[in-house]
$ cat entry-v6.cif   # mmCIF, C-alpha atoms (C1' of nucleotides)
data_upload
#
loop_
_atom_site.label_atom_id
_atom_site.label_comp_id
_atom_site.auth_asym_id
_atom_site.auth_seq_id
_atom_site.Cartn_x
_atom_site.Cartn_y
_atom_site.Cartn_z
CA MET Q 29 36.08 3.56 18.25
CA PRO Q 30 32.32 3.28 18.03
CA LYS Q 31 29.67 0.75 18.59
CA LEU Q 32 29.09 -1.55 15.60
CA LYS Q 33 25.86 -2.24 13.83
CA ASP Q 34 24.12 -5.29 15.21
CA GLN Q 35 23.65 -8.10 12.66
CA ASN Q 36 20.83 -9.57 14.72
CA LYS Q 37 18.98 -6.30 14.41
CA VAL Q 38 19.46 -6.23 10.66
CA GLU Q 39 18.04 -9.71 10.38
CA ALA Q 40 15.13 -8.91 12.64
CA ILE Q 41 14.35 -5.87 10.49
CA HIS Q 42 14.49 -7.94 7.30
CA LYS Q 43 12.26 -10.62 8.77
CA ALA Q 44 9.71 -8.10 9.96
CA THR Q 45 9.76 -6.35 6.59
CA ILE Q 46 9.11 -9.56 4.68
CA GLU Q 47 6.29 -10.64 6.94
CA LEU Q 48 4.60 -7.26 6.91
CA VAL Q 49 4.93 -6.68 3.16
CA THR Q 50 3.36 -10.10 2.60
CA LYS Q 51 0.27 -8.95 4.44
CA THR Q 52 -0.01 -5.36 3.31
CA GLY Q 53 2.08 -4.82 0.22
CA PHE Q 54 4.81 -2.26 -0.11
CA SER Q 55 2.64 0.81 0.25
CA GLY Q 56 0.97 -0.67 3.30
CA LEU Q 57 4.27 -1.28 5.03
CA LYS Q 58 4.54 1.05 8.00
CA MET Q 59 7.96 1.92 9.33
CA ALA Q 60 6.54 2.08 12.85
CA GLU Q 61 5.29 -1.49 12.49
CA VAL Q 62 8.60 -2.72 11.15
CA ALA Q 63 10.27 -1.14 14.15
CA LYS Q 64 7.85 -2.64 16.64
CA LYS Q 65 7.96 -6.11 15.10
CA SER Q 66 11.73 -6.18 14.91
CA GLY Q 67 12.18 -4.78 18.39
CA VAL Q 68 13.94 -1.51 17.56
CA ALA Q 69 12.99 2.15 17.64
CA THR Q 70 11.72 3.78 14.46
CA GLY Q 71 14.74 6.03 14.46
CA THR Q 72 17.01 3.00 14.34
CA LEU Q 73 15.60 2.00 10.98
CA TYR Q 74 17.09 5.22 9.62
CA VAL Q 75 20.48 4.32 11.04
CA TYR Q 76 20.44 1.23 8.85
CA TYR Q 77 18.59 2.60 5.84
CA LYS Q 78 18.06 5.92 4.14
CA GLY Q 79 14.35 5.23 4.05
CA LYS Q 80 11.60 2.80 3.21
CA GLU Q 81 12.57 2.39 -0.42
CA GLU Q 82 16.16 1.47 0.32
CA LEU Q 83 15.04 -1.02 2.94
CA ILE Q 84 12.72 -2.74 0.49
CA ASN Q 85 15.34 -2.88 -2.24
CA ASP Q 86 17.88 -4.40 0.09
CA VAL Q 87 15.50 -7.07 1.32
CA TYR Q 88 14.42 -7.80 -2.24
CA VAL Q 89 17.90 -8.62 -3.51
CA ILE Q 90 18.75 -10.72 -0.45
CA THR Q 91 15.52 -12.68 -0.71
CA LYS Q 92 15.85 -13.29 -4.43
CA LYS Q 93 19.31 -14.68 -3.83
CA GLU Q 94 18.03 -16.98 -1.13
CA ILE Q 95 15.28 -18.23 -3.43
CA ALA Q 96 17.79 -18.91 -6.19
CA GLY Q 97 19.76 -20.95 -3.66
CA ALA Q 98 16.73 -23.06 -2.92
CA ILE Q 99 16.52 -24.11 -6.57
CA ILE Q 100 20.15 -24.15 -7.60
CA ASN Q 101 22.14 -26.29 -5.20
CA PRO Q 102 25.14 -28.56 -5.93
CA GLU Q 103 23.50 -31.31 -3.87
CA TYR Q 104 20.72 -31.51 -6.41
CA LEU Q 105 23.01 -32.61 -9.25
CA LYS Q 106 22.16 -36.26 -10.02
CA GLU Q 107 22.82 -38.84 -12.69
CA THR Q 108 19.86 -38.07 -14.94
CA PHE Q 109 18.04 -34.94 -16.01
CA TYR Q 110 14.84 -36.27 -14.49
CA GLU Q 111 16.42 -36.85 -11.09
CA THR Q 112 18.09 -33.45 -11.01
CA PHE Q 113 14.89 -31.72 -12.10
CA LYS Q 114 12.99 -33.59 -9.42
CA ALA Q 115 15.47 -32.54 -6.73
CA MET Q 116 15.23 -28.92 -7.84
CA TRP Q 117 11.46 -28.99 -8.00
CA TYR Q 118 11.22 -30.50 -4.52
CA GLY Q 119 13.82 -28.05 -3.25
CA TYR Q 120 11.84 -25.07 -4.43
CA PHE Q 121 8.43 -26.43 -3.48
CA GLY Q 122 9.75 -27.22 0.00
CA PHE Q 123 11.25 -23.76 0.35
CA CYS Q 124 7.99 -22.06 -0.60
CA LEU Q 125 6.03 -24.27 1.77
CA LYS Q 126 8.39 -23.54 4.64
CA GLN Q 127 8.83 -19.84 4.01
CA PRO Q 128 5.87 -18.71 1.94
CA GLU Q 129 6.33 -15.13 3.09
CA LYS Q 130 9.55 -14.93 1.07
CA MET Q 131 7.86 -16.26 -2.03
CA LEU Q 132 5.03 -13.78 -1.54
CA PHE Q 133 7.35 -10.88 -0.77
CA VAL Q 134 9.17 -11.25 -4.06
CA GLU Q 135 5.91 -11.73 -5.99
CA GLN Q 136 4.68 -8.34 -4.80
CA PHE Q 137 7.07 -6.42 -6.98
CA ILE Q 138 6.21 -7.43 -10.50
CA TYR Q 139 4.53 -4.20 -11.39
CA SER Q 140 5.35 -2.04 -8.43
CA GLY Q 141 8.25 -0.10 -9.88
CA TYR Q 142 9.73 0.08 -6.39
CA ILE Q 143 12.72 -2.06 -7.19
CA SER Q 144 15.39 -0.32 -9.22
CA GLU Q 145 16.28 -1.73 -12.63
CA THR Q 146 19.82 -2.46 -11.44
CA ASN Q 147 18.59 -4.50 -8.51
CA ILE Q 148 16.23 -6.47 -10.71
CA GLU Q 149 19.08 -7.35 -13.03
CA THR Q 150 21.34 -8.32 -10.14
CA ALA Q 151 18.62 -10.62 -8.81
CA ASP Q 152 17.80 -12.15 -12.20
CA ALA Q 153 21.43 -13.09 -12.73
CA TYR Q 154 21.19 -15.57 -9.86
CA PHE Q 155 18.93 -17.72 -12.02
CA GLU Q 156 21.16 -17.96 -15.07
CA SER Q 157 22.35 -21.51 -14.40
CA LEU Q 158 18.74 -22.69 -14.21
CA ASN Q 159 18.27 -21.52 -17.80
CA GLN Q 160 21.36 -23.47 -18.82
CA PHE Q 161 20.05 -26.60 -17.15
CA LEU Q 162 16.69 -26.42 -18.90
CA LEU Q 163 18.24 -25.68 -22.29
CA GLU Q 164 20.53 -28.69 -21.91
CA GLY Q 165 17.50 -30.84 -21.06
CA GLN Q 166 15.85 -29.71 -24.27
CA LYS Q 167 18.94 -30.42 -26.33
CA GLN Q 168 19.17 -33.94 -24.86
CA GLY Q 169 15.52 -34.56 -25.64
CA ASN Q 170 14.35 -34.84 -22.03
CA ILE Q 171 11.80 -32.04 -22.13
CA LYS Q 172 9.71 -30.17 -24.67
CA GLU Q 173 11.44 -27.76 -27.02
CA MET Q 174 9.90 -24.39 -26.26
CA ASP Q 175 10.70 -20.93 -24.95
CA VAL Q 176 12.49 -21.52 -21.65
CA GLU Q 177 10.90 -18.42 -20.15
CA ILE Q 178 7.46 -19.93 -20.72
CA LEU Q 179 8.60 -23.19 -19.15
CA LYS Q 180 9.87 -21.42 -16.07
CA ALA Q 181 6.76 -19.29 -15.74
CA HIS Q 182 4.56 -22.36 -16.04
CA LEU Q 183 6.48 -24.30 -13.40
CA GLN Q 184 6.81 -21.40 -11.01
CA GLY Q 185 3.20 -20.33 -11.40
CA SER Q 186 1.99 -23.82 -10.60
CA ILE Q 187 4.15 -24.14 -7.48
CA HIS Q 188 3.33 -20.69 -6.17
CA GLU Q 189 -0.40 -21.03 -6.61
CA ILE Q 190 -0.55 -24.49 -5.04
CA VAL Q 191 1.53 -23.35 -2.07
CA LYS Q 192 -0.68 -20.31 -1.61
CA MET Q 193 -3.75 -22.52 -1.44
CA ILE Q 194 -2.07 -24.78 1.10
CA VAL Q 195 -0.99 -21.86 3.26
CA LYS Q 196 -4.46 -20.35 3.11
CA GLY Q 197 -5.82 -23.70 4.27
CA HIS Q 198 -7.85 -24.27 1.11
CA ILE Q 199 -5.84 -27.37 0.29
CA GLU Q 200 -4.66 -29.98 2.75
CA LEU Q 201 -1.49 -31.64 1.56
CA ARG Q 202 -1.52 -35.35 2.41
CA LYS Q 203 1.28 -37.92 2.46
CA ASP Q 204 1.74 -38.28 -1.28
CA GLY Q 205 0.44 -34.79 -2.05
CA MET Q 206 3.80 -33.34 -2.94
CA HIS Q 207 4.49 -36.19 -5.32
CA THR Q 208 1.12 -35.69 -6.99
CA CYS Q 209 2.03 -32.05 -7.59
CA PHE Q 210 5.42 -32.99 -8.92
CA THR Q 211 3.81 -35.42 -11.35
CA LEU Q 212 1.64 -32.60 -12.69
CA ALA Q 213 4.75 -30.56 -13.35
CA TRP Q 214 6.82 -33.33 -14.87
CA ASN Q 215 4.07 -34.64 -17.13
CA SER Q 216 3.53 -31.18 -18.49
CA ILE Q 217 7.12 -30.63 -19.61
CA LYS Q 218 8.47 -34.10 -20.41
CA LYS Q 219 8.90 -35.01 -24.05
CA MET U 8 -37.00 14.40 -8.16
CA PRO U 9 -33.25 14.42 -8.20
CA LYS U 10 -30.45 13.74 -10.51
CA LEU U 11 -29.57 10.06 -10.88
CA LYS U 12 -26.17 8.47 -10.38
CA ASP U 13 -24.28 8.25 -13.61
CA GLN U 14 -23.49 4.66 -14.65
CA ASN U 15 -20.64 5.88 -16.86
CA LYS U 16 -19.04 7.46 -13.82
CA VAL U 17 -19.37 4.26 -11.81
CA GLU U 18 -17.66 2.33 -14.56
CA ALA U 19 -14.92 4.91 -14.92
CA ILE U 20 -14.30 4.71 -11.17
CA HIS U 21 -14.12 0.92 -11.29
CA LYS U 22 -11.76 0.96 -14.23
CA ALA U 23 -9.47 3.47 -12.58
CA THR U 24 -9.51 1.51 -9.33
CA ILE U 25 -8.52 -1.73 -11.03
CA GLU U 26 -5.71 -0.13 -13.00
CA LEU U 27 -4.31 1.73 -10.02
CA VAL U 28 -4.52 -1.18 -7.59
CA THR U 29 -2.66 -3.31 -10.12
CA LYS U 30 0.23 -0.88 -9.96
CA THR U 31 0.29 0.04 -6.30
CA GLY U 32 -1.71 -2.50 -4.32
CA PHE U 33 -4.63 -1.66 -2.09
CA SER U 34 -2.72 0.42 0.43
CA GLY U 35 -1.08 2.38 -2.35
CA LEU U 36 -4.39 3.26 -3.94
CA LYS U 37 -5.00 6.98 -3.53
CA MET U 38 -8.53 8.28 -3.64
CA ALA U 39 -7.28 11.47 -5.27
CA GLU U 40 -5.72 9.41 -8.06
CA VAL U 41 -8.86 7.36 -8.56
CA ALA U 42 -10.78 10.61 -8.85
CA LYS U 43 -8.35 12.14 -11.31
CA LYS U 44 -8.11 9.01 -13.46
CA SER U 45 -11.85 8.52 -13.61
CA GLY U 46 -12.57 12.18 -14.26
CA VAL U 47 -14.57 13.01 -11.14
CA ALA U 48 -13.92 15.06 -8.02
CA THR U 49 -12.64 13.30 -4.92
CA GLY U 50 -15.82 14.22 -3.12
CA THR U 51 -17.84 12.39 -5.75
CA LEU U 52 -16.21 9.11 -4.79
CA TYR U 53 -17.89 9.49 -1.41
CA VAL U 54 -21.26 9.96 -3.07
CA TYR U 55 -20.86 6.51 -4.57
CA TYR U 56 -19.00 4.80 -1.74
CA LYS U 57 -18.68 5.11 2.00
CA GLY U 58 -14.92 4.98 1.63
CA LYS U 59 -11.94 3.23 0.14
CA GLU U 60 -12.71 -0.15 1.65
CA GLU U 61 -16.25 -0.28 0.31
CA LEU U 62 -15.03 0.76 -3.13
CA ILE U 63 -12.47 -2.05 -3.20
CA ASN U 64 -14.94 -4.66 -2.02
CA ASP U 65 -17.46 -3.66 -4.64
CA VAL U 66 -14.94 -3.81 -7.45
CA TYR U 67 -13.64 -7.13 -6.16
CA VAL U 68 -16.99 -8.91 -6.35
CA ILE U 69 -17.79 -7.47 -9.78
CA THR U 70 -14.41 -8.43 -11.17
CA LYS U 71 -14.50 -11.96 -9.75
CA LYS U 72 -17.86 -12.46 -11.40
CA GLU U 73 -16.51 -11.25 -14.72
CA ILE U 74 -13.58 -13.64 -14.45
CA ALA U 75 -15.88 -16.55 -13.70
CA GLY U 76 -17.80 -15.62 -16.84
CA ALA U 77 -14.62 -15.85 -18.89
CA ILE U 78 -14.17 -19.49 -17.85
CA ILE U 79 -17.75 -20.67 -17.51
CA ASN U 80 -19.64 -19.91 -20.68
CA PRO U 81 -22.40 -21.95 -22.35
CA GLU U 82 -20.66 -21.50 -25.71
CA TYR U 83 -17.75 -23.52 -24.41
CA LEU U 84 -19.79 -26.71 -23.98
CA LYS U 85 -18.61 -29.17 -26.64
CA GLU U 86 -18.94 -32.85 -27.48
CA THR U 87 -15.94 -34.11 -25.52
CA PHE U 88 -14.34 -33.24 -22.21
CA TYR U 89 -11.12 -32.37 -23.99
CA GLU U 90 -12.80 -29.92 -26.33
CA THR U 91 -14.74 -28.23 -23.55
CA PHE U 92 -11.67 -27.99 -21.37
CA LYS U 93 -9.74 -26.52 -24.27
CA ALA U 94 -12.41 -23.90 -24.91
CA MET U 95 -12.43 -22.94 -21.22
CA TRP U 96 -8.67 -22.80 -21.01
CA TYR U 97 -8.48 -20.59 -24.12
CA GLY U 98 -11.32 -18.48 -22.81
CA TYR U 99 -9.54 -17.76 -19.59
CA PHE U 100 -6.07 -17.37 -21.07
CA GLY U 101 -7.48 -14.94 -23.63
CA PHE U 102 -9.28 -12.98 -20.95
CA CYS U 103 -6.13 -12.63 -18.85
CA LEU U 104 -4.12 -11.60 -21.87
CA LYS U 105 -6.66 -8.99 -22.87
CA GLN U 106 -7.37 -7.63 -19.40
CA PRO U 107 -4.40 -8.55 -17.22
CA GLU U 108 -5.22 -5.75 -14.81
CA LYS U 109 -8.35 -7.62 -13.74
CA MET U 110 -6.42 -10.82 -13.14
CA LEU U 111 -3.83 -8.88 -11.16
CA PHE U 112 -6.41 -6.91 -9.23
CA VAL U 113 -8.05 -10.04 -7.90
CA GLU U 114 -4.68 -11.67 -7.14
CA GLN U 115 -3.78 -8.78 -4.83
CA PHE U 116 -6.22 -9.84 -2.17
CA ILE U 117 -5.11 -13.30 -1.12
CA TYR U 118 -3.65 -12.23 2.17
CA SER U 119 -4.79 -8.65 2.39
CA GLY U 120 -7.76 -9.11 4.68
CA TYR U 121 -9.42 -6.18 2.95
CA ILE U 122 -12.18 -8.23 1.39
CA SER U 123 -14.89 -9.28 3.81
CA GLU U 124 -15.49 -12.99 4.34
CA THR U 125 -19.01 -12.65 2.95
CA ASN U 126 -17.76 -11.11 -0.26
CA ILE U 127 -15.13 -13.82 -0.68
CA GLU U 128 -17.82 -16.49 -0.33
CA THR U 129 -20.09 -14.70 -2.79
CA ALA U 130 -17.27 -14.56 -5.30
CA ASP U 131 -16.16 -18.18 -4.79
CA ALA U 132 -19.68 -19.42 -5.48
CA TYR U 133 -19.35 -18.22 -9.09
CA PHE U 134 -16.83 -21.00 -9.68
CA GLU U 135 -18.89 -23.91 -8.39
CA SER U 136 -19.81 -25.27 -11.81
CA LEU U 137 -16.12 -25.41 -12.75
CA ASN U 138 -15.60 -27.83 -9.88
CA GLN U 139 -18.47 -29.97 -11.14
CA PHE U 140 -16.99 -30.05 -14.61
CA LEU U 141 -13.57 -31.18 -13.39
CA LEU U 142 -15.02 -33.82 -11.04
CA GLU U 143 -17.05 -35.21 -13.92
CA GLY U 144 -13.92 -35.37 -16.06
CA GLN U 145 -12.21 -37.37 -13.34
CA LYS U 146 -15.14 -39.77 -13.01
CA GLN U 147 -15.13 -40.35 -16.79
CA GLY U 148 -11.40 -41.04 -16.75
CA ASN U 149 -10.39 -38.02 -18.82
CA ILE U 150 -8.08 -36.44 -16.27
CA LYS U 151 -6.05 -37.45 -13.23
CA GLU U 152 -7.84 -38.36 -10.03
CA MET U 153 -6.63 -35.82 -7.49
CA ASP U 154 -7.79 -32.97 -5.27
CA VAL U 155 -9.68 -30.63 -7.59
CA GLU U 156 -8.42 -27.61 -5.65
CA ILE U 157 -4.84 -28.59 -6.48
CA LEU U 158 -5.78 -29.05 -10.12
CA LYS U 159 -7.34 -25.60 -10.28
CA ALA U 160 -4.44 -23.96 -8.50
CA HIS U 161 -1.98 -25.62 -10.87
CA LEU U 162 -3.86 -24.55 -13.98
CA GLN U 163 -4.53 -21.03 -12.78
CA GLY U 164 -1.00 -20.52 -11.51
CA SER U 165 0.45 -21.55 -14.84
CA ILE U 166 -1.81 -19.24 -16.84
CA HIS U 167 -1.34 -16.25 -14.54
CA GLU U 168 2.42 -16.49 -14.43
CA ILE U 169 2.78 -16.94 -18.18
CA VAL U 170 0.48 -14.00 -18.86
CA LYS U 171 2.41 -11.84 -16.41
CA MET U 172 5.64 -12.58 -18.24
CA ILE U 173 4.02 -11.75 -21.57
CA VAL U 174 2.61 -8.47 -20.27
CA LYS U 175 5.96 -7.54 -18.74
CA GLY U 176 7.51 -8.17 -22.14
CA HIS U 177 9.76 -10.99 -20.88
CA ILE U 178 8.03 -13.44 -23.17
CA GLU U 179 6.97 -12.81 -26.73
CA LEU U 180 4.00 -14.94 -27.69
CA ARG U 181 4.32 -16.13 -31.25
CA LYS U 182 1.76 -17.65 -33.62
CA ASP U 183 1.48 -21.06 -31.99
CA GLY U 184 2.51 -19.82 -28.55
CA MET U 185 -0.92 -20.09 -27.00
CA HIS U 186 -1.26 -23.66 -28.23
CA THR U 187 2.13 -24.53 -26.78
CA CYS U 188 0.97 -23.23 -23.41
CA PHE U 189 -2.28 -25.13 -23.68
CA THR U 190 -0.36 -28.33 -24.39
CA LEU U 191 1.64 -27.84 -21.19
CA ALA U 192 -1.60 -27.59 -19.26
CA TRP U 193 -3.36 -30.49 -20.91
CA ASN U 194 -0.41 -32.87 -20.73
CA SER U 195 -0.09 -32.21 -17.03
CA ILE U 196 -3.66 -33.16 -16.15
CA LYS U 197 -4.69 -35.76 -18.75
CA LYS U 198 -4.85 -39.37 -17.65
"C1'" DT I 23 -41.70 26.66 -15.03
"C1'" DT I 24 -40.93 26.26 -10.38
"C1'" DT I 25 -39.63 23.28 -6.84
"C1'" DT I 26 -36.80 19.93 -4.77
"C1'" DA I 27 -33.77 16.28 -3.95
"C1'" DT I 28 -29.56 14.47 -4.94
"C1'" DA I 29 -25.34 14.37 -7.95
"C1'" DG I 30 -21.22 16.54 -8.19
"C1'" DC I 31 -17.57 19.62 -6.70
"C1'" DG I 32 -12.86 20.75 -4.58
"C1'" DA I 33 -10.84 23.38 -0.92
"C1'" DA I 34 -10.42 22.68 3.99
"C1'" DT I 35 -9.77 19.46 7.66
"C1'" DA I 36 -8.57 15.36 9.99
"C1'" DA I 37 -5.99 11.35 10.27
"C1'" DA I 38 -2.24 8.52 9.28
"C1'" DT I 39 2.51 7.84 8.58
"C1'" DA I 40 7.49 8.85 7.11
"C1'" DT I 41 11.34 11.11 8.63
"C1'" DT I 42 14.20 14.02 11.59
"C1'" DC I 43 16.82 15.34 15.53
"C1'" DA I 44 18.46 16.37 20.15
"C1'" DC I 45 19.63 13.21 23.28
"C1'" DT I 46 21.35 8.77 25.70
"C1'" DT I 47 23.90 4.48 25.64
"C1'" DA I 48 27.34 1.22 24.48
"C1'" DT I 49 31.73 -0.13 22.70
"C1'" DT I 50 36.30 0.40 21.27
"C1'" DT I 51 40.74 2.68 21.39
"C1'" DT I 52 44.23 5.24 23.68
"C1'" DA A 13 39.37 4.97 33.03
"C1'" DA A 14 38.67 8.73 29.97
"C1'" DA A 15 37.70 10.06 25.39
"C1'" DA A 16 35.73 9.42 21.14
"C1'" DT A 17 32.54 7.81 17.93
"C1'" DA A 18 28.68 5.71 16.16
"C1'" DA A 19 24.45 2.96 17.53
"C1'" DG A 20 20.21 3.45 19.32
"C1'" DT A 21 16.10 6.12 21.04
"C1'" DG A 22 11.29 8.02 20.61
"C1'" DA A 23 8.92 12.31 20.84
"C1'" DA A 24 8.35 16.12 17.66
"C1'" DT A 25 7.80 17.47 12.95
"C1'" DA A 26 6.84 17.16 8.16
"C1'" DT A 27 4.45 15.01 4.72
"C1'" DT A 28 1.07 12.52 2.66
"C1'" DT A 29 -3.54 11.15 1.99
"C1'" DA A 30 -8.49 10.00 3.42
"C1'" DT A 31 -12.60 12.16 4.42
"C1'" DT A 32 -15.76 15.97 5.21
"C1'" DC A 33 -18.62 19.84 4.18
"C1'" DG A 34 -20.64 24.07 2.45
"C1'" DC A 35 -21.65 25.01 -1.90
"C1'" DT A 36 -23.36 24.71 -7.03
"C1'" DA A 37 -25.44 22.32 -10.98
"C1'" DT A 38 -28.82 19.38 -12.83
"C1'" DA A 39 -32.57 16.34 -13.71
"C1'" DA A 40 -37.12 14.77 -12.41
"C1'" DA A 41 -41.62 15.81 -10.56
"C1'" DA A 42 -45.28 18.93 -9.47
#
$ encode --input "entry-v6.cif" --output "structure tokens"
Amino acid sequence: MPKLKDQNKVEAIHKATIELVTKTGFSGLKMAEVAKKSGVATGTLYVYYKGKEELINDVYVITKKEIAGAIINPEYLKETFYETFKAMWYGYFGFCLKQPEKMLFVEQFIYSGYISETNIETADAYFESLNQFLLEGQKQGNIKEMDVEILKAHLQGSIHEIVKMIVKGHIELRKDGMHTCFTLAWNSIKK
Amino acid sequence: MPKLKDQNKVEAIHKATIELVTKTGFSGLKMAEVAKKSGVATGTLYVYYKGKEELINDVYVITKKEIAGAIINPEYLKETFYETFKAMWYGYFGFCLKQPEKMLFVEQFIYSGYISETNIETADAYFESLNQFLLEGQKQGNIKEMDVEILKAHLQGSIHEIVKMIVKGHIELRKDGMHTCFTLAWNSIKK
DNA sequence: TTTTATAGCGAATAAATATTCACTTATTTT
DNA sequence: AAAATAAGTGAATATTTATTCGCTATAAAA
């Protein structure tokens, strides 16, 4: 029987793809660069993927799932809504700070049309339990009664933009900096 | 003496550039498409610009200036900090909602490295008086005392993300929807 | 009204980049 | 240890896309 595909190579290809797309966008992603950065030959990329588009779609779904996992985590379930929300917020903020390239990679695709509708739906489904959590918080009177999609957009937009500024070096995050940012978020949504 | 450059053509080229970059990113921008969309020949683009990079840089600075004008406007100066802030927030939210492609165009360039350092500085200078306004609000005790860059990132991130969701059709903005969004913003920063 | 300089054109060319393919290498099974 | 099968290679090819260039049209000046 034959040689098997190397999981390390797959991961190296994914990592290189994410980092390069972050810098250049999808159209700017060069297969030759992905190959070089991940330590394989260009031809090898076509052993793993049909082409550039399939590669991107695959990485997109995997990354979205990983992001969902950074927000939705059994460990974050606490006694009160506030405590759980706080754990989730810190979980996601921390993830973005540690791996901003994944946050940026996923952001790239809002209007691109490169990700297939099916893959977008698959990825969105990972976030369903977050909706449930927020709706329950509204019902219990913990947070403002309003369109949950707006709430999520507001919270995510704030985190993403702040993290971007930190990564760019425009903001220096001090000791209590993360808590200050959390307070902004909580004060905006609490009832 | 010769024919003069046609200002209508310049504007058509800018408009086409913004709309196309929004969809495809800088690397995905095709000169042939810019030409087609703006109703000129590809060769004409090179009468106006040295090449793709110069075109992008030019449009970037112009668009950043326009965005600054949507936030910083003498008409927005009111009696109280709250009222002025509200006018500015509505001004910018309204601008993004009306011309999301300009918001998205400028967003594209955070990590791209396509905009020259000089042009970034030129563009950033347009926002200086916004910093002054926020610092004054902190001194007067109207809003939280914290890094103004974080404040701006938080507010901008929220607006951008909400507008993106509206434009994508994921959120439907009802009668009082804009006010709901404003309340999120104000509650987060007020003291 | 003639001259002249530049706008404007778009097919041709040059440059960049995705993909293929004939070949080599490694691993598993027999 | 030989055979078989798929991974892995990277130079060659195909495709896409930026830029150039010889030409025409037009507006201002003489």
$ residues_around --input "entry-v6.cif" --residues "DT27 of chain A" --least-positions-apart "5" --cutoff "12 Å" --atoms "all atoms listed in the file" --output "MDAnalysis selection string"
chainID I and resid 38:42
$ residues_around --input "entry-v6.cif" --residues "Lys44 of chain U" --least-positions-apart "6" --cutoff "12 Å" --atoms "all atoms listed in the file" --output "count of residues only"
15
$ resolve_selection --input "entry-v6.cif" --expression "the PyMOL selection byres ((chain I) within 10 of (chain U))" --output "list in words"
DT25, DT26, DA27, DT28, DA29, DG30, DC31 and DG32 of chain I
$ resolve_selection --input "entry-v6.cif" --expression "the PyMOL selection byres ((chain A) within 10 of (chain Q))" --output "PDB file with C-alpha atoms (C1' of nucleotides), in the frame of the given file"
ATOM      1  C1'  DA A  15      37.700  10.060  25.390  1.00  0.00           C
ATOM      2  C1'  DA A  16      35.730   9.420  21.140  1.00  0.00           C
ATOM      3  C1'  DT A  17      32.540   7.810  17.930  1.00  0.00           C
ATOM      4  C1'  DA A  18      28.680   5.710  16.160  1.00  0.00           C
ATOM      5  C1'  DA A  19      24.450   2.960  17.530  1.00  0.00           C
ATOM      6  C1'  DG A  20      20.210   3.450  19.320  1.00  0.00           C
ATOM      7  C1'  DT A  21      16.100   6.120  21.040  1.00  0.00           C
ATOM      8  C1'  DG A  22      11.290   8.020  20.610  1.00  0.00           C
TER       9       DG A  22
END
$ closest_residue --input "entry-v6.cif" --among "U:Gln106, U:Asn64, U:Asn15, U:Ser136" --to "Ser123 of chain U" --atoms "all atoms listed in the file"
U:Asn64
$ axis_aligned_box --input "entry-v6.cif" --around "segment 137-141 of chain U" --padding-each-side "5 Å" --output "JSON"
{"center_x": -16.0, "center_y": -28.3, "center_z": -12.2, "size_x": 14.9, "size_y": 15.8, "size_z": 14.7}
$ atom_distance --input "entry-v6.cif" --atom1 "atom CA of Asp131 of chain U" --atom2 "atom CA of Ile79 of chain U"
13.1 Å
$ atom_distance --input "entry-v6.cif" --atom1 "atom CA of Tyr133 of chain U" --atom2 "atom CA of Gly76 of chain U"
8.3 Å
$ residues_around --input "entry-v6.cif" --residues "Ala94 of chain U" --least-positions-apart "2" --cutoff "9 Å" --atoms "only C-alpha atoms (C1' of nucleotides)" --output "ChimeraX atom specification"
/U:78,82-85,89-92,96-99
$ closest_residue --input "entry-v6.cif" --among "Q:Phe161, Q:Asp204, Q:Val195, Q:Met116" --to "Asn101 of chain Q" --atoms "all atoms listed in the file"
Q:Met116
$ closest_residue --input "entry-v6.cif" --among "Q:Met206, Q:Val89, Q:Leu83, Q:Leu163" --to "Gly122 of chain Q" --atoms "all atoms listed in the file"
Q:Met206
$ resolve_selection --input "entry-v6.cif" --expression "the PyMOL selection byres ((chain A and resi 31-35) around 9)" --output "list in words"
Gly50, Tyr53 and Gly58 of chain U; DC31, DA34, DT35, DA36 and DA37 of chain I; DA30 and DT36 of chain A
$ atom_distance --input "entry-v6.cif" --atom1 "atom CA of Ala39 of chain U" --atom2 "atom C1' of DT29 of chain A"
8.2 Å
$ closest_residue --input "entry-v6.cif" --among "Q:Phe133, Q:Phe109, Q:Phe155, Q:Phe121" --to "Gly169 of chain Q" --atoms "all atoms listed in the file"
Q:Phe109
$ build_atoms --input "entry-v6.cif" --residues "segment 153-159 of chain U" --atoms "N, CA and C atoms" --output "mmCIF file, in the frame of the given file"
data_model
loop_
_atom_site.group_PDB
_atom_site.id
_atom_site.type_symbol
_atom_site.label_atom_id
_atom_site.label_comp_id
_atom_site.auth_asym_id
_atom_site.auth_seq_id
_atom_site.Cartn_x
_atom_site.Cartn_y
_atom_site.Cartn_z
ATOM 1 N N MET U 153 -7.352 -36.500 -8.576
ATOM 2 C CA MET U 153 -6.630 -35.820 -7.490
ATOM 3 C C MET U 153 -7.470 -34.653 -6.978
ATOM 4 N N ASP U 154 -7.073 -34.109 -5.871
ATOM 5 C CA ASP U 154 -7.790 -32.970 -5.270
ATOM 6 C C ASP U 154 -8.047 -31.891 -6.325
ATOM 7 N N VAL U 155 -9.304 -31.594 -6.552
ATOM 8 C CA VAL U 155 -9.680 -30.630 -7.590
ATOM 9 C C VAL U 155 -9.113 -29.237 -7.286
ATOM 10 N N GLU U 156 -8.974 -28.922 -6.022
ATOM 11 C CA GLU U 156 -8.420 -27.610 -5.650
ATOM 12 C C GLU U 156 -6.962 -27.496 -6.105
ATOM 13 N N ILE U 157 -6.227 -28.600 -5.999
ATOM 14 C CA ILE U 157 -4.840 -28.590 -6.480
ATOM 15 C C ILE U 157 -4.815 -28.417 -7.994
ATOM 16 N N LEU U 158 -5.675 -29.155 -8.654
ATOM 17 C CA LEU U 158 -5.780 -29.050 -10.120
ATOM 18 C C LEU U 158 -6.023 -27.601 -10.551
ATOM 19 N N LYS U 159 -7.001 -26.980 -9.924
ATOM 20 C CA LYS U 159 -7.340 -25.600 -10.280
ATOM 21 C C LYS U 159 -6.182 -24.648 -10.002
#
